[in-house]
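In what follows, a single structure is set out as structure tokens and then discussed.
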Amino acid sequence: MHDSSSRILEQNPDVIANRLIQKAQHRDGLPEILIGLAFLILAATMWVQLVFPQGSQPYKAAIWVLGLGVPALMLSSQWIIKKVRRKFLIEKVGFVAMKPVNRKRAYIAVSIAFAIAVAAAFAAYLGRGSFPPTAWLLAGTGIGGGALMVLAGRLPRFAVGGMLMAATGIVLAFSGVSLELGFAILYGAIGLLLFVSGTTVFLILVCKPAETKE
Amino acid sequence: MSAKIQRLGEIDRVIHEPARLMIVALLAAVEEADFQYVRQATGLTQGNLSAHLSKLEEAGYIAIEKTFRGKYPLTICRLSERGRAILDNYRKVIRAAL
């Protein structure tokens with residue numbers, strides 16, 4: 001505590017609060033489990049579309065799941081996390097009522113993502129002769145997604161996950177796979193990684209005995 | 001000594017203490033949080049956190065309310081208007097001086 005104390009006093013209180021909330025937000029692994037699940041479903045639907053002929057039942061089902069299931073899961077994820085925490089984990093993780101989403105910050109995040117996408121497209125345009133566009137897209141998605149994971153998570157396990165995602169994207173770019181298969185593998189790998197790390201954190205938390213209150 | 005540096009002398013000693021600054025900064029960023037959440041987020045021990053919360057409550061910087069959520073007892077902490085004003089001033093003085 002003593003070492004971190006002096007560092008804390010050198011920091012802006014907003015930075016301290018953001019770091020503490022970020023750490024607390026990921027302490028039960030639930031956000032990772034849900035994001036991992038969404039990526040796994042996304043990868044599965046892409047794989048089904050590759051394997052099954054167009055118009056077949058599994059193909060149609062994959063389209064529905066991709067169009068409705070994945071967005072529904074993503075949109076309801078915050079609500080699900082809040083409900084699970086308040087109903088089953090309140091003794092372990094405590095109770096918090098967050099402030100409404102800061103729109104300014106959300107706009108900044110979207111603008112950064114858009115700028116990265118434009119930069120990747122521009123780089124792909126400049127290097128179109130030496131490297132096929134499919135490879136640029138896979139490498140760009142892997143590196144961009146990995147960077148986003150590191151920035152959003154700000155924990156060691158997210159740094160490792162981000163680097164793995166970037167490495168997977170680069171390996172796929174050089175492997176010469178089709179765009180569809182490349183994305184299915186990339187999303188599947190990252191989904192599995194997030195799901196396993198989230199589940200591990202969750203199980204560790206659940207197995208730990210609850211501490212008595214003050 | 002410049003006037004900005006001299007203003008460091010005006011800093012409120014109650015929230016200048018690192019553990020209490022963590023608690024106040026955390027509570028400023030959320031609507032309200034219970035004891036367990038604050039303890040997990042700050043990494044303070046139960047006794048330590050209790051003592052710091054009492055000091056902050058005495059100073060009028062936070063409000064503490066004991067309540068229940070189902071069968072689970074909650075000690076809800078939230079930053080008061082006074083606490084928010086003190087933190088804003090602390091932020092300004094530190095930014096100007098450093």
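Following the order of the structure tokens, first chain is A, next is B, and so on, with residues numbered from 1 inside each chain and ligands from 1 in the order they appear.
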
Next item on the list: Extract the full set of strand (DSSP E) residues from chain B according to DSSP on the backbone, and format it as a list in words.
Entry: Val30, Glu31, Glu32, Ala33, Asp34, Ile62, Ala63, Ile64, Glu65, Lys66, Thr67, Phe68, Arg69, Tyr72, Pro73, Leu74, Thr75, Ile76, Cys77, Arg78 and Leu79 of chain B

Write out the residues from the selection above, keeping N, CA and C atoms, as a PDB file, in the first residue's frame.
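Wrote result34.pdb, looks like this:
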ATOM      1  N   VAL B  30     -18.991   6.907  -9.650  1.00  0.00           N
ATOM      2  CA  VAL B  30     -20.212   6.069  -9.686  1.00  0.00           C
ATOM      3  C   VAL B  30     -21.347   6.802  -8.977  1.00  0.00           C
ATOM      4  N   GLU B  31     -22.558   6.300  -9.156  1.00  0.00           N
ATOM      5  CA  GLU B  31     -23.696   6.902  -8.447  1.00  0.00           C
ATOM      6  C   GLU B  31     -23.582   6.578  -6.958  1.00  0.00           C
ATOM      7  N   GLU B  32     -23.459   5.267  -6.683  1.00  0.00           N
ATOM      8  CA  GLU B  32     -23.293   4.782  -5.312  1.00  0.00           C
ATOM      9  C   GLU B  32     -22.705   3.381  -5.347  1.00  0.00           C
ATOM     10  N   ALA B  33     -22.054   3.001  -4.249  1.00  0.00           N
ATOM     11  CA  ALA B  33     -21.443   1.668  -4.207  1.00  0.00           C
ATOM     12  C   ALA B  33     -21.496   1.168  -2.778  1.00  0.00           C
ATOM     13  N   ASP B  34     -21.549  -0.162  -2.618  1.00  0.00           N
ATOM     14  CA  ASP B  34     -21.584  -0.674  -1.253  1.00  0.00           C
ATOM     15  C   ASP B  34     -20.172  -0.963  -0.758  1.00  0.00           C
ATOM     16  N   ILE B  62     -18.891  12.053   2.482  1.00  0.00           N
ATOM     17  CA  ILE B  62     -19.686  10.942   1.943  1.00  0.00           C
ATOM     18  C   ILE B  62     -20.905  10.704   2.848  1.00  0.00           C
ATOM     19  N   ALA B  63     -21.909  10.068   2.279  1.00  0.00           N
ATOM     20  CA  ALA B  63     -23.086   9.682   3.061  1.00  0.00           C
ATOM     21  C   ALA B  63     -23.130   8.158   3.076  1.00  0.00           C
ATOM     22  N   ILE B  64     -23.395   7.596   4.249  1.00  0.00           N
ATOM     23  CA  ILE B  64     -23.456   6.135   4.361  1.00  0.00           C
ATOM     24  C   ILE B  64     -24.857   5.738   4.796  1.00  0.00           C
ATOM     25  N   GLU B  65     -25.397   4.751   4.088  1.00  0.00           N
ATOM     26  CA  GLU B  65     -26.764   4.312   4.388  1.00  0.00           C
ATOM     27  C   GLU B  65     -26.769   2.790   4.505  1.00  0.00           C
ATOM     28  N   LYS B  66     -27.347   2.301   5.589  1.00  0.00           N
ATOM     29  CA  LYS B  66     -27.442   0.841   5.769  1.00  0.00           C
ATOM     30  C   LYS B  66     -28.793   0.398   5.230  1.00  0.00           C
ATOM     31  N   THR B  67     -28.775  -0.572   4.365  1.00  0.00           N
ATOM     32  CA  THR B  67     -30.022  -1.038   3.761  1.00  0.00           C
ATOM     33  C   THR B  67     -29.927  -2.539   3.469  1.00  0.00           C
ATOM     34  N   PHE B  68     -30.952  -3.086   2.849  1.00  0.00           N
ATOM     35  CA  PHE B  68     -30.963  -4.509   2.494  1.00  0.00           C
ATOM     36  C   PHE B  68     -31.302  -4.666   1.020  1.00  0.00           C
ATOM     37  N   ARG B  69     -30.711  -5.680   0.418  1.00  0.00           N
ATOM     38  CA  ARG B  69     -31.122  -6.072  -0.929  1.00  0.00           C
ATOM     39  C   ARG B  69     -31.490  -7.538  -0.807  1.00  0.00           C
ATOM     40  N   TYR B  72     -29.615  -9.715   1.873  1.00  0.00           N
ATOM     41  CA  TYR B  72     -28.221  -9.291   1.991  1.00  0.00           C
ATOM     42  C   TYR B  72     -28.112  -7.846   2.489  1.00  0.00           C
ATOM     43  N   PRO B  73     -27.450  -7.650   3.630  1.00  0.00           N
ATOM     44  CA  PRO B  73     -27.305  -6.272   4.138  1.00  0.00           C
ATOM     45  C   PRO B  73     -26.270  -5.483   3.342  1.00  0.00           C
ATOM     46  N   LEU B  74     -26.626  -4.272   2.997  1.00  0.00           N
ATOM     47  CA  LEU B  74     -25.706  -3.432   2.209  1.00  0.00           C
ATOM     48  C   LEU B  74     -25.365  -2.160   2.979  1.00  0.00           C
ATOM     49  N   THR B  75     -24.121  -1.760   2.888  1.00  0.00           N
ATOM     50  CA  THR B  75     -23.704  -0.468   3.433  1.00  0.00           C
ATOM     51  C   THR B  75     -23.389   0.408   2.230  1.00  0.00           C
ATOM     52  N   ILE B  76     -24.356   1.200   1.850  1.00  0.00           N
ATOM     53  CA  ILE B  76     -24.227   2.004   0.635  1.00  0.00           C
ATOM     54  C   ILE B  76     -23.485   3.313   0.926  1.00  0.00           C
ATOM     55  N   CYS B  77     -22.490   3.594   0.104  1.00  0.00           N
ATOM     56  CA  CYS B  77     -21.721   4.841   0.259  1.00  0.00           C
ATOM     57  C   CYS B  77     -21.926   5.694  -0.992  1.00  0.00           C
ATOM     58  N   ARG B  78     -22.137   6.971  -0.779  1.00  0.00           N
ATOM     59  CA  ARG B  78     -22.191   7.881  -1.937  1.00  0.00           C
ATOM     60  C   ARG B  78     -21.535   9.215  -1.569  1.00  0.00           C
ATOM     61  N   LEU B  79     -20.985   9.853  -2.574  1.00  0.00           N
ATOM     62  CA  LEU B  79     -20.285  11.118  -2.357  1.00  0.00           C
ATOM     63  C   LEU B  79     -21.318  12.226  -2.141  1.00  0.00           C
TER      64      LEU B  79
END

Shell around Gly182 in chain A at 7 Å using only C-alpha atoms, local window under 5 positions removed, as an mmCIF file with N, CA and C atoms, in the first residue's frame:
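Saved to selection.cif:
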data_model
loop_
_atom_site.group_PDB
_atom_site.id
_atom_site.type_symbol
_atom_site.label_atom_id
_atom_site.label_comp_id
_atom_site.auth_asym_id
_atom_site.auth_seq_id
_atom_site.Cartn_x
_atom_site.Cartn_y
_atom_site.Cartn_z
ATOM 1 N N LEU A 138 -7.432 -9.205 -42.785
ATOM 2 C CA LEU A 138 -7.246 -10.127 -41.653
ATOM 3 C C LEU A 138 -6.209 -9.582 -40.673
ATOM 4 N N LEU A 172 -2.771 -15.538 -40.021
ATOM 5 C CA LEU A 172 -3.819 -15.839 -41.012
ATOM 6 C C LEU A 172 -3.580 -15.060 -42.314
ATOM 7 N N VAL A 177 -5.439 -18.138 -46.446
ATOM 8 C CA VAL A 177 -6.814 -18.658 -46.344
ATOM 9 C C VAL A 177 -7.793 -17.630 -46.931
#

Next item on the list: Determine which residues of chain A sit within 6 Å of chain B, taking into account only C-alpha atoms, and present them as a PyMOL selection string.
Entry: chain A and resi 5+13+17+20+24+93-99+214

Margin query: Based on the backbone DSSP call, show me all residues of range 63-195 of chain A assigned alpha helix (DSSP H), as a VMD selection string.
Written below: chain A and resid 63 to 64 70 to 88 90 to 93 103 to 126 133 to 153 156 to 175 179 to 195

Residues from the last selection, C-alpha atoms, saved as an mmCIF file, in the first residue's frame:
data_model
loop_
_atom_site.group_PDB
_atom_site.id
_atom_site.type_symbol
_atom_site.label_atom_id
_atom_site.label_comp_id
_atom_site.auth_asym_id
_atom_site.auth_seq_id
_atom_site.Cartn_x
_atom_site.Cartn_y
_atom_site.Cartn_z
ATOM 1 C CA ILE A 63 -28.151 -16.148 -41.078
ATOM 2 C CA TRP A 64 -30.890 -15.683 -38.459
ATOM 3 C CA VAL A 70 -25.495 -11.924 -31.943
ATOM 4 C CA PRO A 71 -26.775 -8.294 -31.883
ATOM 5 C CA ALA A 72 -29.365 -9.242 -29.235
ATOM 6 C CA LEU A 73 -26.660 -10.831 -27.082
ATOM 7 C CA MET A 74 -24.384 -7.798 -27.463
ATOM 8 C CA LEU A 75 -27.149 -5.291 -26.747
ATOM 9 C CA SER A 76 -28.438 -7.154 -23.695
ATOM 10 C CA SER A 77 -25.014 -8.066 -22.284
ATOM 11 C CA GLN A 78 -24.842 -5.136 -19.820
ATOM 12 C CA TRP A 79 -28.322 -5.927 -18.539
ATOM 13 C CA ILE A 80 -27.476 -9.646 -18.160
ATOM 14 C CA ILE A 81 -24.236 -8.850 -16.290
ATOM 15 C CA LYS A 82 -26.048 -6.460 -13.939
ATOM 16 C CA LYS A 83 -28.814 -9.002 -13.198
ATOM 17 C CA VAL A 84 -26.399 -11.907 -12.596
ATOM 18 C CA ARG A 85 -24.204 -9.794 -10.329
ATOM 19 C CA ARG A 86 -27.091 -8.464 -8.273
ATOM 20 C CA LYS A 87 -28.881 -11.812 -7.989
ATOM 21 C CA PHE A 88 -26.036 -14.273 -7.483
ATOM 22 C CA ILE A 90 -23.637 -9.554 -4.607
ATOM 23 C CA GLU A 91 -21.889 -11.119 -1.577
ATOM 24 C CA LYS A 92 -18.703 -11.628 -3.571
ATOM 25 C CA VAL A 93 -18.481 -8.535 -5.748
ATOM 26 C CA ARG A 103 -21.761 10.154 -24.479
ATOM 27 C CA LYS A 104 -18.693 12.273 -25.108
ATOM 28 C CA ARG A 105 -16.440 9.337 -24.237
ATOM 29 C CA ALA A 106 -18.510 6.956 -26.403
ATOM 30 C CA TYR A 107 -18.192 9.340 -29.368
ATOM 31 C CA ILE A 108 -14.410 9.538 -28.835
ATOM 32 C CA ALA A 109 -14.136 5.696 -28.795
ATOM 33 C CA VAL A 110 -16.204 5.399 -32.000
ATOM 34 C CA SER A 111 -14.122 8.140 -33.662
ATOM 35 C CA ILE A 112 -10.857 6.340 -32.748
ATOM 36 C CA ALA A 113 -12.218 3.028 -34.130
ATOM 37 C CA PHE A 114 -13.288 4.817 -37.331
ATOM 38 C CA ALA A 115 -9.869 6.495 -37.689
ATOM 39 C CA ILE A 116 -8.129 3.099 -37.275
ATOM 40 C CA ALA A 117 -10.426 1.569 -39.924
ATOM 41 C CA VAL A 118 -9.720 4.445 -42.357
ATOM 42 C CA ALA A 119 -5.960 4.172 -41.717
ATOM 43 C CA ALA A 120 -6.086 0.393 -42.320
ATOM 44 C CA ALA A 121 -8.051 0.891 -45.563
ATOM 45 C CA PHE A 122 -5.561 3.532 -46.706
ATOM 46 C CA ALA A 123 -2.599 1.263 -45.885
ATOM 47 C CA ALA A 124 -4.301 -1.560 -47.790
ATOM 48 C CA TYR A 125 -4.793 0.763 -50.776
ATOM 49 C CA LEU A 126 -1.121 1.811 -50.751
ATOM 50 C CA PRO A 133 -6.606 -7.184 -49.776
ATOM 51 C CA THR A 134 -7.804 -10.293 -47.901
ATOM 52 C CA ALA A 135 -4.510 -10.457 -46.040
ATOM 53 C CA TRP A 136 -4.671 -6.737 -45.204
ATOM 54 C CA LEU A 137 -8.161 -7.123 -43.807
ATOM 55 C CA LEU A 138 -7.246 -10.127 -41.653
ATOM 56 C CA ALA A 139 -4.033 -8.593 -40.355
ATOM 57 C CA GLY A 140 -5.735 -5.212 -39.801
ATOM 58 C CA THR A 141 -8.665 -6.752 -37.929
ATOM 59 C CA GLY A 142 -6.321 -8.824 -35.772
ATOM 60 C CA ILE A 143 -4.039 -5.894 -34.921
ATOM 61 C CA GLY A 144 -6.898 -3.376 -34.503
ATOM 62 C CA GLY A 145 -8.986 -5.781 -32.405
ATOM 63 C CA GLY A 146 -5.974 -6.707 -30.307
ATOM 64 C CA ALA A 147 -5.122 -3.049 -29.672
ATOM 65 C CA LEU A 148 -8.748 -2.355 -28.733
ATOM 66 C CA MET A 149 -8.702 -5.280 -26.285
ATOM 67 C CA VAL A 150 -5.535 -4.014 -24.594
ATOM 68 C CA LEU A 151 -6.897 -0.461 -24.350
ATOM 69 C CA ALA A 152 -10.363 -1.491 -23.172
ATOM 70 C CA GLY A 153 -9.228 -4.125 -20.662
ATOM 71 C CA PRO A 156 -2.397 -8.152 -17.961
ATOM 72 C CA ARG A 157 -4.704 -10.906 -19.223
ATOM 73 C CA PHE A 158 -6.190 -8.532 -21.806
ATOM 74 C CA ALA A 159 -2.700 -7.491 -22.928
ATOM 75 C CA VAL A 160 -1.879 -11.169 -23.546
ATOM 76 C CA GLY A 161 -5.234 -11.676 -25.318
ATOM 77 C CA GLY A 162 -4.685 -8.583 -27.480
ATOM 78 C CA MET A 163 -1.222 -9.739 -28.517
ATOM 79 C CA LEU A 164 -2.561 -13.220 -29.341
ATOM 80 C CA MET A 165 -5.349 -11.697 -31.444
ATOM 81 C CA ALA A 166 -2.862 -9.542 -33.353
ATOM 82 C CA ALA A 167 -0.545 -12.538 -33.875
ATOM 83 C CA THR A 168 -3.456 -14.712 -35.077
ATOM 84 C CA GLY A 169 -4.485 -12.018 -37.583
ATOM 85 C CA ILE A 170 -0.926 -11.728 -38.939
ATOM 86 C CA VAL A 171 -0.475 -15.529 -39.190
ATOM 87 C CA LEU A 172 -3.819 -15.839 -41.012
ATOM 88 C CA ALA A 173 -2.831 -12.999 -43.368
ATOM 89 C CA PHE A 174 0.283 -14.917 -44.429
ATOM 90 C CA SER A 175 -1.416 -18.329 -44.530
ATOM 91 C CA LEU A 179 -11.452 -14.070 -46.084
ATOM 92 C CA GLU A 180 -14.493 -15.959 -44.724
ATOM 93 C CA LEU A 181 -12.454 -18.809 -43.284
ATOM 94 C CA GLY A 182 -9.862 -16.367 -41.949
ATOM 95 C CA PHE A 183 -12.489 -14.350 -40.075
ATOM 96 C CA ALA A 184 -14.164 -17.526 -38.772
ATOM 97 C CA ILE A 185 -10.810 -18.712 -37.365
ATOM 98 C CA LEU A 186 -9.870 -15.272 -35.995
ATOM 99 C CA TYR A 187 -13.222 -14.704 -34.254
ATOM 100 C CA GLY A 188 -13.329 -18.315 -33.051
ATOM 101 C CA ALA A 189 -9.832 -18.079 -31.561
ATOM 102 C CA ILE A 190 -10.487 -14.796 -29.795
ATOM 103 C CA GLY A 191 -13.937 -15.970 -28.615
ATOM 104 C CA LEU A 192 -12.447 -19.134 -27.150
ATOM 105 C CA LEU A 193 -9.657 -17.196 -25.470
ATOM 106 C CA LEU A 194 -12.057 -14.698 -23.870
ATOM 107 C CA PHE A 195 -14.532 -17.395 -22.864
#

Next item on the list: Quote the spacing between CA of Pro209 in chain A and CA of Gln25 in chain A in Å to one decimal place.
Entry: 19.8 Å

Check: Using only C-alpha atoms, which of A:Phe202, A:Cys207, A:Ala44, A:Gln57 sits nearest His26 in chain A?
Finding: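 Answer, going by the shortest atom-to-atom distance: A:Phe202.
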
Checklist line | Gap from CA of Ile5 in chain B to CA of Ala97 in chain B - Å, one decimal | finding: 5.1 Å

Notebook entry, point to check: In Å, with one decimal, what is the gap from CA of Gly29 in chain A to CA of Leu42 in chain A?
Noted result: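 It comes out at 20.0 Å.
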